[in-house]
$ cat model.txt   # compact mmCIF, C-alpha atoms
# COMPACT_ATOMS: atom_id res chain seq x y z
CA ALA A 1 -8.12 1.10 -2.30
CA ARG A 2 -10.89 3.53 -2.14
CA ALA A 3 -13.30 1.99 0.28
CA LYS A 4 -11.74 1.06 3.57
CA ARG A 5 -13.47 -2.27 3.81
CA PRO A 6 -13.93 -5.02 1.22
CA VAL A 7 -16.00 -3.58 -1.62
CA ALA A 8 -16.84 -4.40 -5.22
CA LEU A 9 -14.83 -2.10 -7.46
CA LEU A 10 -11.65 -1.14 -9.03
CA ALA A 11 -11.11 0.44 -5.67
CA ALA A 12 -8.32 2.78 -5.03
CA VAL A 13 -6.11 0.56 -2.84
CA ALA A 14 -6.26 2.94 0.61
CA VAL A 15 -5.73 0.19 5.27
CA ALA A 16 -2.77 -7.20 13.07
CA ALA A 17 -1.76 -10.37 11.97
CA ALA A 18 0.99 -10.84 9.40
CA VAL A 19 0.41 -13.43 6.69
CA VAL A 20 3.75 -14.21 5.13
CA GLY A 21 3.76 -16.02 1.78
CA GLY A 22 6.52 -18.43 1.00
CA ALA A 23 8.06 -21.22 2.95
CA THR A 24 10.41 -20.78 5.88
CA ALA A 25 14.01 -21.43 4.96
CA ALA A 26 14.95 -25.02 5.71
CA ALA A 27 17.89 -25.78 7.96
CA VAL A 28 20.74 -27.67 6.35
CA GLN A 29 23.54 -29.49 8.09
CA GLN A 30 27.13 -28.97 7.16
CA VAL A 31 29.45 -31.83 8.14
CA LEU A 32 33.02 -30.90 8.97
CA VAL A 33 35.72 -33.56 9.15
CA PRO A 34 38.87 -32.53 11.03
CA ARG A 35 41.98 -32.51 8.87
CA GLY A 36 43.83 -35.82 9.14
CA ALA A 37 40.89 -37.73 10.57
CA GLY A 38 40.10 -41.10 9.07
CA SER A 39 36.74 -42.52 8.21
CA GLY A 40 36.29 -43.56 11.79
CA GLY A 41 37.31 -40.19 13.19
CA ALA A 42 35.08 -37.79 15.10
CA VAL A 43 32.59 -35.75 13.10
CA ASN A 44 31.71 -32.16 14.01
CA GLY A 45 28.32 -30.93 12.79
CA SER A 46 26.75 -27.48 12.65
CA ASN A 47 23.35 -26.33 11.44
CA VAL A 48 23.48 -23.57 8.84
CA SER A 49 20.26 -21.83 7.75
CA ARG A 50 19.82 -21.35 4.05
CA SER A 51 19.98 -17.68 3.09
CA ASN A 52 16.63 -15.89 2.76
CA ALA A 53 18.00 -13.58 0.09
CA GLY A 54 15.71 -13.45 -2.90
CA THR A 55 12.84 -15.25 -1.17
CA VAL A 56 9.43 -13.94 -0.13
CA ALA A 57 10.35 -14.60 3.50
CA GLY A 58 13.57 -12.63 3.12
CA VAL A 59 11.85 -9.68 1.42
CA ALA A 60 9.13 -9.64 4.09
CA GLU A 61 11.69 -9.66 6.90
CA GLN A 62 13.65 -6.83 5.28
CA VAL A 63 10.82 -4.53 4.21
CA SER A 64 7.96 -5.07 6.69
CA PRO A 65 9.46 -2.70 9.30
CA SER A 66 9.26 0.06 6.66
CA VAL A 67 5.53 -0.38 5.96
CA VAL A 68 2.91 1.16 8.26
CA ARG A 69 -0.85 1.17 8.78
CA ILE A 70 -2.65 4.50 8.45
CA ASP A 71 -5.97 5.04 10.24
CA THR A 72 -7.96 8.17 9.48
CA ARG A 73 -10.98 9.89 10.95
CA THR A 74 -13.14 11.93 8.58
CA GLY A 75 -16.46 13.71 8.86
CA SER A 76 -18.20 10.60 7.55
CA GLY A 77 -16.42 7.93 9.59
CA GLN A 78 -13.08 6.13 9.69
CA GLY A 79 -10.85 4.55 7.11
CA THR A 80 -7.65 2.54 6.84
CA GLY A 81 -4.78 2.44 4.39
CA SER A 82 -1.05 1.80 4.34
CA GLY A 83 2.14 3.80 3.90
CA VAL A 84 5.89 3.45 3.32
CA VAL A 85 8.59 4.96 5.55
CA LEU A 86 10.96 7.27 3.65
CA THR A 87 13.02 8.83 6.46
CA ALA A 88 14.14 7.82 9.94
CA ASP A 89 12.24 10.75 11.47
CA GLY A 90 8.91 9.67 10.03
CA GLU A 91 8.18 10.87 6.50
CA ILE A 92 5.58 8.46 5.06
CA ILE A 93 4.46 8.22 1.42
CA THR A 94 0.90 7.03 0.78
CA ASN A 95 -2.02 7.55 -1.60
CA ASN A 96 -3.83 10.88 -1.55
CA HIS A 97 -7.15 9.05 -1.33
CA VAL A 98 -6.00 7.36 1.90
CA ILE A 99 -5.77 10.67 3.81
CA ASP A 100 -8.13 12.85 1.75
CA GLY A 101 -10.52 14.73 4.03
CA ALA A 102 -8.95 13.35 7.23
CA ALA A 103 -9.36 15.39 10.40
CA GLU A 104 -7.10 12.99 12.31
CA ILE A 105 -4.40 10.58 11.17
CA GLN A 106 -2.86 7.83 13.29
CA VAL A 107 0.02 5.64 12.08
CA THR A 108 0.83 2.20 13.49
CA LEU A 109 4.34 0.81 12.95
CA SER A 110 5.13 -2.85 12.41
CA ASP A 111 6.13 -3.14 16.09
CA GLY A 112 2.78 -1.78 17.26
CA LYS A 113 3.91 1.73 18.20
CA LYS A 114 1.39 4.44 17.31
CA TYR A 115 2.01 8.04 16.30
CA PRO A 116 -0.20 10.95 15.28
CA ALA A 117 0.68 12.39 11.89
CA LYS A 118 0.15 15.54 9.86
CA VAL A 119 -0.05 16.07 6.11
CA LEU A 120 3.01 17.67 4.51
CA GLY A 121 1.76 17.74 0.92
CA THR A 122 -0.71 16.20 -1.50
CA ASP A 123 -0.85 15.60 -5.24
CA PRO A 124 -4.38 14.46 -6.22
CA ASP A 125 -3.39 14.23 -9.90
CA LYS A 126 -0.88 11.49 -9.05
CA ASP A 127 -2.90 10.12 -6.10
CA LEU A 128 0.09 10.68 -3.81
CA ALA A 129 0.47 12.26 -0.38
CA LEU A 130 3.31 12.78 2.07
CA ILE A 131 2.64 12.73 5.82
CA LYS A 132 4.97 13.17 8.80
CA LEU A 133 4.85 11.36 12.13
CA GLN A 134 5.04 13.54 15.23
CA GLY A 135 7.79 12.71 17.72
CA ALA A 136 9.15 9.72 15.81
CA SER A 137 12.81 8.77 15.38
CA GLY A 138 14.90 5.73 14.50
CA LEU A 139 12.50 4.39 11.87
CA LYS A 140 13.76 2.11 9.09
CA PRO A 141 13.44 3.83 5.69
CA ALA A 142 12.54 1.69 2.70
CA ARG A 143 14.85 1.46 -0.30
CA LEU A 144 13.30 2.91 -3.44
CA GLY A 145 14.06 0.98 -6.62
CA ASP A 146 13.79 1.81 -10.32
CA SER A 147 10.38 1.07 -11.84
CA ASP A 148 11.73 1.66 -15.35
CA ARG A 149 13.65 -1.61 -15.01
CA VAL A 150 10.61 -3.67 -14.06
CA LYS A 151 9.65 -6.39 -16.53
CA VAL A 152 6.50 -8.42 -17.05
CA GLY A 153 6.95 -11.71 -15.21
CA ASP A 154 9.16 -10.27 -12.44
CA GLU A 155 8.34 -11.68 -9.01
CA VAL A 156 6.98 -9.15 -6.53
CA VAL A 157 5.82 -8.98 -2.92
CA ALA A 158 3.00 -6.75 -1.64
CA ILE A 159 3.00 -5.56 1.98
CA GLY A 160 0.19 -3.59 3.60
CA SER A 161 -2.73 -3.61 6.01
CA PRO A 162 -5.83 -5.04 4.33
CA ASP A 163 -8.83 -4.66 6.64
CA ARG A 164 -6.44 -3.31 9.33
CA LEU A 165 -4.43 -6.56 9.40
CA THR A 166 -1.07 -4.84 9.82
CA GLY A 167 1.94 -6.30 8.04
CA THR A 168 0.10 -8.67 5.71
CA VAL A 169 2.36 -10.09 2.98
CA THR A 170 1.31 -11.55 -0.37
CA SER A 171 3.30 -12.42 -3.48
CA GLY A 172 2.89 -12.73 -7.24
CA ILE A 173 4.33 -11.38 -10.45
CA VAL A 174 4.17 -8.24 -12.56
CA SER A 175 1.42 -9.18 -15.01
CA ALA A 176 1.44 -6.04 -17.19
CA LEU A 177 2.99 -2.58 -17.44
CA ASN A 178 1.64 0.88 -18.31
CA ARG A 179 -2.00 0.07 -17.62
CA GLU A 180 -3.93 3.35 -17.67
CA VAL A 181 -6.34 3.59 -14.74
CA THR A 182 -8.74 6.52 -14.29
CA VAL A 183 -10.33 7.25 -10.91
CA PRO A 184 -11.94 10.23 -9.12
CA LYS A 185 -9.37 12.58 -7.59
CA SER A 186 -11.23 12.51 -4.32
CA GLU A 187 -13.93 10.40 -2.78
CA GLN A 188 -15.39 13.61 -1.44
CA ARG A 189 -15.88 14.87 -5.01
CA SER A 190 -17.10 11.62 -6.55
CA PRO A 191 -20.74 11.65 -7.67
CA GLN A 192 -21.08 8.15 -6.21
CA ARG A 193 -20.09 9.52 -2.81
CA GLN A 194 -23.56 11.03 -2.54
CA ARG A 195 -25.28 7.64 -2.82
CA SER A 196 -23.34 5.37 -0.54
CA PRO A 197 -21.03 5.79 2.47
CA TYR A 198 -18.70 3.24 0.85
CA GLY A 199 -18.10 5.00 -2.45
CA GLY A 200 -21.02 3.90 -4.64
CA PRO A 201 -24.08 1.69 -5.03
CA GLY A 202 -23.60 -1.70 -3.43
CA GLY A 203 -20.21 -0.67 -2.09
CA SER A 204 -18.65 -0.17 -5.52
CA TRP A 205 -16.25 2.59 -6.58
CA PRO A 206 -16.47 4.29 -10.00
CA PHE A 207 -13.48 3.88 -12.31
CA SER A 208 -12.55 3.89 -15.96
CA PHE A 209 -10.25 1.38 -17.58
CA GLU A 210 -9.27 1.28 -21.25
CA GLY A 211 -12.15 3.56 -22.19
CA ARG A 212 -14.86 1.63 -20.32
CA GLN A 213 -16.77 2.83 -17.23
CA PHE A 214 -17.25 0.55 -14.24
CA ASN A 215 -19.41 1.00 -11.13
CA GLY A 216 -20.82 4.34 -12.27
CA ASP A 217 -19.58 7.65 -13.62
CA THR A 218 -16.16 8.85 -12.44
CA GLY A 219 -17.35 12.46 -12.78
CA SER A 220 -15.41 15.46 -14.03
CA GLU A 221 -12.83 15.57 -11.22
CA LYS A 222 -10.74 12.55 -12.20
CA THR A 223 -7.15 11.61 -12.84
CA SER A 224 -5.33 8.93 -14.81
CA TYR A 225 -1.97 7.26 -14.32
CA LYS A 226 0.08 4.50 -15.92
CA ALA A 227 0.19 1.65 -13.47
CA ILE A 228 2.09 -1.54 -12.81
CA GLN A 229 -0.36 -4.45 -12.90
CA THR A 230 0.18 -7.38 -10.55
CA ASP A 231 -1.56 -10.59 -9.58
CA ALA A 232 -0.26 -10.34 -6.00
CA SER A 233 -3.33 -10.33 -3.77
CA LEU A 234 -4.40 -6.77 -2.91
CA ASN A 235 -7.46 -6.02 -0.80
CA PRO A 236 -9.13 -3.03 0.90
CA GLY A 237 -6.44 -1.48 3.11
CA ASN A 238 -3.42 -2.16 0.86
CA SER A 239 -3.62 1.34 -0.64
CA GLY A 240 -0.44 3.32 -0.10
CA GLY A 241 1.59 0.27 0.90
CA ALA A 242 4.54 -1.38 -0.82
CA LEU A 243 5.00 -3.39 -4.00
CA VAL A 244 8.52 -4.78 -3.66
CA ASP A 245 10.94 -6.59 -5.97
CA MET A 246 12.97 -9.58 -4.83
CA ASN A 247 15.92 -7.33 -3.96
CA GLY A 248 13.81 -5.69 -1.27
CA GLU A 249 13.37 -2.41 -3.18
CA ILE A 250 10.05 -0.58 -3.54
CA ILE A 251 8.96 -0.53 -7.18
CA GLY A 252 5.38 0.68 -6.74
CA ILE A 253 2.67 1.97 -4.40
CA PRO A 254 -0.50 -0.19 -4.59
CA SER A 255 -3.42 2.09 -5.35
CA ALA A 256 -6.28 0.24 -7.05
CA ILE A 257 -7.91 -3.17 -7.42
CA TYR A 258 -10.65 -4.57 -9.58
CA SER A 259 -13.42 -6.70 -8.09
CA PRO A 260 -16.17 -7.95 -10.40
CA GLY A 261 -18.90 -8.46 -7.79
CA SER A 262 -21.50 -5.92 -6.72
CA ASP A 263 -21.83 -6.98 -3.10
CA SER A 264 -19.25 -5.46 -0.75
CA SER A 265 -19.47 -8.53 1.49
CA THR A 266 -18.08 -10.75 -1.27
CA ALA A 267 -15.60 -8.34 -2.86
CA GLY A 268 -11.93 -9.20 -2.77
CA SER A 269 -8.81 -9.74 -4.79
CA VAL A 270 -9.17 -11.44 -8.16
CA GLY A 271 -5.56 -10.98 -9.18
CA LEU A 272 -5.98 -7.58 -10.85
CA GLY A 273 -4.15 -5.02 -8.78
CA PHE A 274 -2.50 -1.77 -9.83
CA ALA A 275 0.40 0.22 -8.37
CA ILE A 276 1.80 3.68 -9.03
CA PRO A 277 5.41 3.27 -10.29
CA VAL A 278 8.01 4.31 -7.72
CA ASN A 279 9.76 6.58 -10.24
CA THR A 280 6.60 8.70 -10.22
CA VAL A 281 6.91 8.90 -6.45
CA LYS A 282 10.58 9.89 -6.55
CA ALA A 283 9.92 12.62 -9.11
CA ASP A 284 7.14 14.07 -6.91
CA LEU A 285 8.87 14.04 -3.51
CA ASP A 286 10.41 17.54 -3.62
CA SER A 287 7.04 19.00 -4.57
CA LEU A 288 5.24 17.06 -1.84
CA ARG A 289 7.71 18.26 0.79
CA LYS A 290 6.78 21.83 -0.17
CA GLY A 291 3.07 21.16 0.08
CA GLY A 292 2.47 19.67 -3.35
CA PRO A 293 0.10 20.93 -6.05
CA GLY A 294 -2.81 19.87 -3.85
CA GLY A 295 -1.88 22.59 -1.34
CA THR A 296 0.04 22.67 1.93
CA GLY A 297 -0.86 20.24 4.67
CA GLY A 298 -0.10 20.33 8.36
CA GLY A 299 -3.63 20.52 9.71
CA ALA A 300 -4.46 16.85 10.11
CA GLY A 301 -3.56 14.27 12.67
CA THR A 302 -2.47 16.52 15.50
CA SER A 303 -4.74 15.18 18.21
CA SER A 304 -5.01 11.42 17.91
CA GLY A 305 -2.23 10.66 20.41
CA ASN A 306 -0.26 7.48 20.89
CA GLY A 307 -3.05 5.61 22.61
CA GLY A 308 -5.89 6.35 20.24
CA GLY A 309 -7.64 4.03 17.87
CA TYR A 310 -10.35 3.99 15.25
CA GLY A 311 -13.32 1.78 14.50
CA ASN A 312 -13.49 -1.77 15.81
CA GLY A 313 -10.24 -2.98 14.28
CA TYR A 314 -11.71 -4.84 11.32
CA GLY A 315 -12.35 -2.32 8.59
CA THR A 316 -15.83 -1.17 9.53
CA GLY A 317 -14.99 2.45 8.86
CA PHE A 318 -15.72 4.19 5.63
CA GLY A 319 -14.10 6.88 3.52
CA THR A 320 -11.32 6.75 1.01
CA GLY A 321 -8.94 3.95 0.25
CA PHE A 322 -9.46 0.21 0.21

$ encode --input "model.txt" --output "structure tokens"
Amino acid sequence: ARAKRPVALLAAVAVAAAVVGGATAAAVQQVLVPRGAGSGGAVNGSNVSRSNAGTVAGVAEQVSPSVVRIDTRTGSGQGTGSGVVLTADGEIITNNHVIDGAAEIQVTLSDGKKYPAKVLGTDPDKDLALIKLQGASGLKPARLGDSDRVKVGDEVVAIGSPDRLTGTVTSGIVSALNREVTVPKSEQRSPQRQRSPYGGPGGSWPFSFEGRQFNGDTGSEKTSYKAIQTDASLNPGNSGGALVDMNGEIIGIPSAIYSPGSDSSTAGSVGLGFAIPVNTVKADLDSLRKGGPGGTGGGAGTSSGNGGGYGNGYGTGFGTGF
């Protein structure tokens, strides 16, 4: 998500009502007949809820506490993305484009608590970043799965904060694997950044897919990655959030969407979303904890405080992410 409001693009997916897909588990009644009782004997009844295991509702209940909203303040405005909790003391994985150029970072948990955060490390080549909450404890870490075992057709759930709607849940399937997506390493470096505060003409974001250019030139400072493609609805603000399998394990980090329109007011999900495989994340964590190839962090997000906020709450900020 590269623009932090709805835009027309293959936007890098960077950003509070929860919309939970799937039906609520129905209550079923189990009838118990005491041993030795006849047909006319007393009947004891108890209501037993059907297990949520393997359902969208069950995955959402299990994983939503491990997904956060990330609000950033940059020199050009504000932006919103999402992140995934890795440790109880507040390590959060997200996309590099979500926090790129941020002077301040504020993280909102699923329960509404807010924390300032600082950057630990960045890897623009993989579009990954690791941030750390200040003063946090007792968080629920997500379980990281194995993206090498993902198959086309697998059911998945996406959790994030599109347009700052914290904890939004959508569902779908894995529609393709190993899609190569090419995007600018940084919105600050993108040639389109000069023309529009939202990443390009008409709110679009430049990208390259299977050798074709969309929404302008991606420039010389670009990176490519093999992505998991999904038809789960992803929108501006989902960047850095969670793509989850039906066992409740993270299999990818949503990072890009394709929208065919040119008007940012009508842009949205068309069922073509892309996520960085979680095995790429796991392989990069040690490097990110040491600062990452993008350089050491630590300078951002030290002054936002627990009571701060950005923008008007509905994605009016601009900057990286979508």

$ residues_near_point --input "model.txt" --point "(-0.7, -0.3, -13.7)" --cutoff "8 Å" --atoms "all atoms listed in the file" --output "PyMOL selection string"
chain A and resi 176-181+225-230+273-277

$ closest_residue --input "model.txt" --among "A:Leu234, A:Val68, A:Gly241, A:Thr280" --to "Gly90 in chain A" --atoms "all atoms listed in the file"
A:Val68

$ closest_residue --input "model.txt" --among "A:Thr72, A:Ser147, A:Asn279, A:Thr166" --to "Glu104 in chain A" --atoms "all atoms listed in the file"
A:Thr72

$ residues_around --input "model.txt" --residues "Ser233 in chain A" --least-positions-apart "3" --cutoff "9 Å" --atoms "only C-alpha atoms" --output "PyMOL selection string"
chain A and resi 158+169-172+230+268-273

$ residues_around --input "model.txt" --residues "Lys282 in chain A" --least-positions-apart "4" --cutoff "10 Å" --atoms "all atoms listed in the file" --output "ChimeraX atom specification"
/A:144-146,277-278,286-287

$ residues_around --input "model.txt" --residues "Glu249 in chain A" --least-positions-apart "3" --cutoff "8 Å" --atoms "all atoms listed in the file" --output "JSON, numbers by chain"
{"A": [142, 143, 144, 145, 244, 245, 246]}

$ residues_around --input "model.txt" --residues "range 131-141 of chain A" --least-positions-apart "5" --cutoff "6 Å" --atoms "all atoms listed in the file" --output "number ranges by chain"
A: 66, 85-92, 116-120

$ write_last_selection --input "model.txt" --atoms "C-alpha atoms" --output "mmCIF file, keeping the file's coordinate frame"
data_model
loop_
_atom_site.group_PDB
_atom_site.id
_atom_site.type_symbol
_atom_site.label_atom_id
_atom_site.label_comp_id
_atom_site.auth_asym_id
_atom_site.auth_seq_id
_atom_site.Cartn_x
_atom_site.Cartn_y
_atom_site.Cartn_z
ATOM 1 C CA SER A 66 9.260 0.060 6.660
ATOM 2 C CA VAL A 85 8.590 4.960 5.550
ATOM 3 C CA LEU A 86 10.960 7.270 3.650
ATOM 4 C CA THR A 87 13.020 8.830 6.460
ATOM 5 C CA ALA A 88 14.140 7.820 9.940
ATOM 6 C CA ASP A 89 12.240 10.750 11.470
ATOM 7 C CA GLY A 90 8.910 9.670 10.030
ATOM 8 C CA GLU A 91 8.180 10.870 6.500
ATOM 9 C CA ILE A 92 5.580 8.460 5.060
ATOM 10 C CA PRO A 116 -0.200 10.950 15.280
ATOM 11 C CA ALA A 117 0.680 12.390 11.890
ATOM 12 C CA LYS A 118 0.150 15.540 9.860
ATOM 13 C CA VAL A 119 -0.050 16.070 6.110
ATOM 14 C CA LEU A 120 3.010 17.670 4.510
#

$ closest_residue --input "model.txt" --among "A:Lys185, A:Lys126, A:Arg69, A:Lys113" --to "Glu221 in chain A" --atoms "all atoms listed in the file"
A:Lys185

$ atom_distance --input "model.txt" --atom1 "CA of Ser76 in chain A" --atom2 "CA of Ile93 in chain A"
23.6 Å

$ atom_distance --input "model.txt" --atom1 "CA of Gly101 in chain A" --atom2 "CA of Asn238 in chain A"
18.6 Å

$ atom_distance --input "model.txt" --atom1 "CA of Thr182 in chain A" --atom2 "CA of Lys222 in chain A"
6.7 Å

$ closest_residue --input "model.txt" --among "A:Gly248, A:Gly81, A:Gly58, A:Gly292" --to "Gly160 in chain A" --atoms "all atoms listed in the file"
A:Gly81

$ closest_residue --input "model.txt" --among "A:Val107, A:Val150, A:Val84, A:Ala102" --to "Pro254 in chain A" --atoms "only C-alpha atoms"
A:Val84

$ residues_around --input "model.txt" --residues "Ile173 in chain A" --least-positions-apart "2" --cutoff "9 Å" --atoms "all atoms listed in the file" --output "ChimeraX atom specification"
/A:152-157,171,175,229-232

$ build_atoms --input "model.txt" --residues "range 132-157 of chain A" --atoms "N, CA and C atoms" --output "PDB file, keeping the file's coordinate frame"
ATOM      1  N   LYS A 132       3.811  13.177   7.894  1.00  0.00           N
ATOM      2  CA  LYS A 132       4.970  13.170   8.800  1.00  0.00           C
ATOM      3  C   LYS A 132       4.508  12.784  10.200  1.00  0.00           C
ATOM      4  N   LEU A 133       5.158  11.763  10.771  1.00  0.00           N
ATOM      5  CA  LEU A 133       4.850  11.360  12.130  1.00  0.00           C
ATOM      6  C   LEU A 133       5.349  12.424  13.105  1.00  0.00           C
ATOM      7  N   GLN A 134       4.661  12.561  14.214  1.00  0.00           N
ATOM      8  CA  GLN A 134       5.040  13.540  15.230  1.00  0.00           C
ATOM      9  C   GLN A 134       5.775  12.839  16.372  1.00  0.00           C
ATOM     10  N   GLY A 135       7.007  13.262  16.624  1.00  0.00           N
ATOM     11  CA  GLY A 135       7.790  12.710  17.720  1.00  0.00           C
ATOM     12  C   GLY A 135       8.460  11.390  17.428  1.00  0.00           C
ATOM     13  N   ALA A 136       8.551  11.008  16.159  1.00  0.00           N
ATOM     14  CA  ALA A 136       9.150   9.720  15.810  1.00  0.00           C
ATOM     15  C   ALA A 136      10.635   9.863  15.488  1.00  0.00           C
ATOM     16  N   SER A 137      11.387   8.808  15.740  1.00  0.00           N
ATOM     17  CA  SER A 137      12.810   8.770  15.380  1.00  0.00           C
ATOM     18  C   SER A 137      13.233   7.312  15.282  1.00  0.00           C
ATOM     19  N   GLY A 138      14.346   7.076  14.584  1.00  0.00           N
ATOM     20  CA  GLY A 138      14.900   5.730  14.500  1.00  0.00           C
ATOM     21  C   GLY A 138      14.112   4.766  13.647  1.00  0.00           C
ATOM     22  N   LEU A 139      13.256   5.274  12.752  1.00  0.00           N
ATOM     23  CA  LEU A 139      12.500   4.390  11.870  1.00  0.00           C
ATOM     24  C   LEU A 139      13.403   3.833  10.778  1.00  0.00           C
ATOM     25  N   LYS A 140      12.978   2.737  10.161  1.00  0.00           N
ATOM     26  CA  LYS A 140      13.760   2.110   9.090  1.00  0.00           C
ATOM     27  C   LYS A 140      13.206   2.538   7.740  1.00  0.00           C
ATOM     28  N   PRO A 141      13.928   3.401   7.006  1.00  0.00           N
ATOM     29  CA  PRO A 141      13.440   3.830   5.690  1.00  0.00           C
ATOM     30  C   PRO A 141      13.506   2.687   4.679  1.00  0.00           C
ATOM     31  N   ALA A 142      12.533   2.670   3.784  1.00  0.00           N
ATOM     32  CA  ALA A 142      12.540   1.690   2.700  1.00  0.00           C
ATOM     33  C   ALA A 142      13.530   2.116   1.619  1.00  0.00           C
ATOM     34  N   ARG A 143      14.001   1.151   0.850  1.00  0.00           N
ATOM     35  CA  ARG A 143      14.850   1.460  -0.300  1.00  0.00           C
ATOM     36  C   ARG A 143      13.980   1.569  -1.539  1.00  0.00           C
ATOM     37  N   LEU A 144      14.089   2.700  -2.240  1.00  0.00           N
ATOM     38  CA  LEU A 144      13.300   2.910  -3.440  1.00  0.00           C
ATOM     39  C   LEU A 144      14.066   2.405  -4.653  1.00  0.00           C
ATOM     40  N   GLY A 145      13.420   1.573  -5.458  1.00  0.00           N
ATOM     41  CA  GLY A 145      14.060   0.980  -6.620  1.00  0.00           C
ATOM     42  C   GLY A 145      13.881   1.810  -7.879  1.00  0.00           C
ATOM     43  N   ASP A 146      13.903   1.157  -9.018  1.00  0.00           N
ATOM     44  CA  ASP A 146      13.790   1.810 -10.320  1.00  0.00           C
ATOM     45  C   ASP A 146      12.682   1.095 -11.105  1.00  0.00           C
ATOM     46  N   SER A 147      11.515   1.717 -11.179  1.00  0.00           N
ATOM     47  CA  SER A 147      10.380   1.070 -11.840  1.00  0.00           C
ATOM     48  C   SER A 147      10.551   0.980 -13.350  1.00  0.00           C
ATOM     49  N   ASP A 148      11.476   1.754 -13.915  1.00  0.00           N
ATOM     50  CA  ASP A 148      11.730   1.660 -15.350  1.00  0.00           C
ATOM     51  C   ASP A 148      12.389   0.336 -15.728  1.00  0.00           C
ATOM     52  N   ARG A 149      12.961  -0.351 -14.749  1.00  0.00           N
ATOM     53  CA  ARG A 149      13.650  -1.610 -15.010  1.00  0.00           C
ATOM     54  C   ARG A 149      12.747  -2.825 -14.761  1.00  0.00           C
ATOM     55  N   VAL A 150      11.531  -2.572 -14.334  1.00  0.00           N
ATOM     56  CA  VAL A 150      10.610  -3.670 -14.060  1.00  0.00           C
ATOM     57  C   VAL A 150      10.157  -4.326 -15.365  1.00  0.00           C
ATOM     58  N   LYS A 151      10.073  -5.647 -15.351  1.00  0.00           N
ATOM     59  CA  LYS A 151       9.650  -6.390 -16.530  1.00  0.00           C
ATOM     60  C   LYS A 151       8.444  -7.264 -16.212  1.00  0.00           C
ATOM     61  N   VAL A 152       7.618  -7.500 -17.211  1.00  0.00           N
ATOM     62  CA  VAL A 152       6.500  -8.420 -17.050  1.00  0.00           C
ATOM     63  C   VAL A 152       7.047  -9.802 -16.696  1.00  0.00           C
ATOM     64  N   GLY A 153       6.481 -10.407 -15.678  1.00  0.00           N
ATOM     65  CA  GLY A 153       6.950 -11.710 -15.210  1.00  0.00           C
ATOM     66  C   GLY A 153       7.845 -11.624 -13.987  1.00  0.00           C
ATOM     67  N   ASP A 154       8.342 -10.422 -13.649  1.00  0.00           N
ATOM     68  CA  ASP A 154       9.160 -10.270 -12.440  1.00  0.00           C
ATOM     69  C   ASP A 154       8.349 -10.662 -11.212  1.00  0.00           C
ATOM     70  N   GLU A 155       8.984 -11.359 -10.277  1.00  0.00           N
ATOM     71  CA  GLU A 155       8.340 -11.680  -9.010  1.00  0.00           C
ATOM     72  C   GLU A 155       8.275 -10.443  -8.130  1.00  0.00           C
ATOM     73  N   VAL A 156       7.156 -10.293  -7.420  1.00  0.00           N
ATOM     74  CA  VAL A 156       6.980  -9.150  -6.530  1.00  0.00           C
ATOM     75  C   VAL A 156       6.302  -9.596  -5.239  1.00  0.00           C
ATOM     76  N   VAL A 157       6.444  -8.767  -4.215  1.00  0.00           N
ATOM     77  CA  VAL A 157       5.820  -8.980  -2.920  1.00  0.00           C
ATOM     78  C   VAL A 157       5.038  -7.720  -2.560  1.00  0.00           C
TER      79      VAL A 157
END
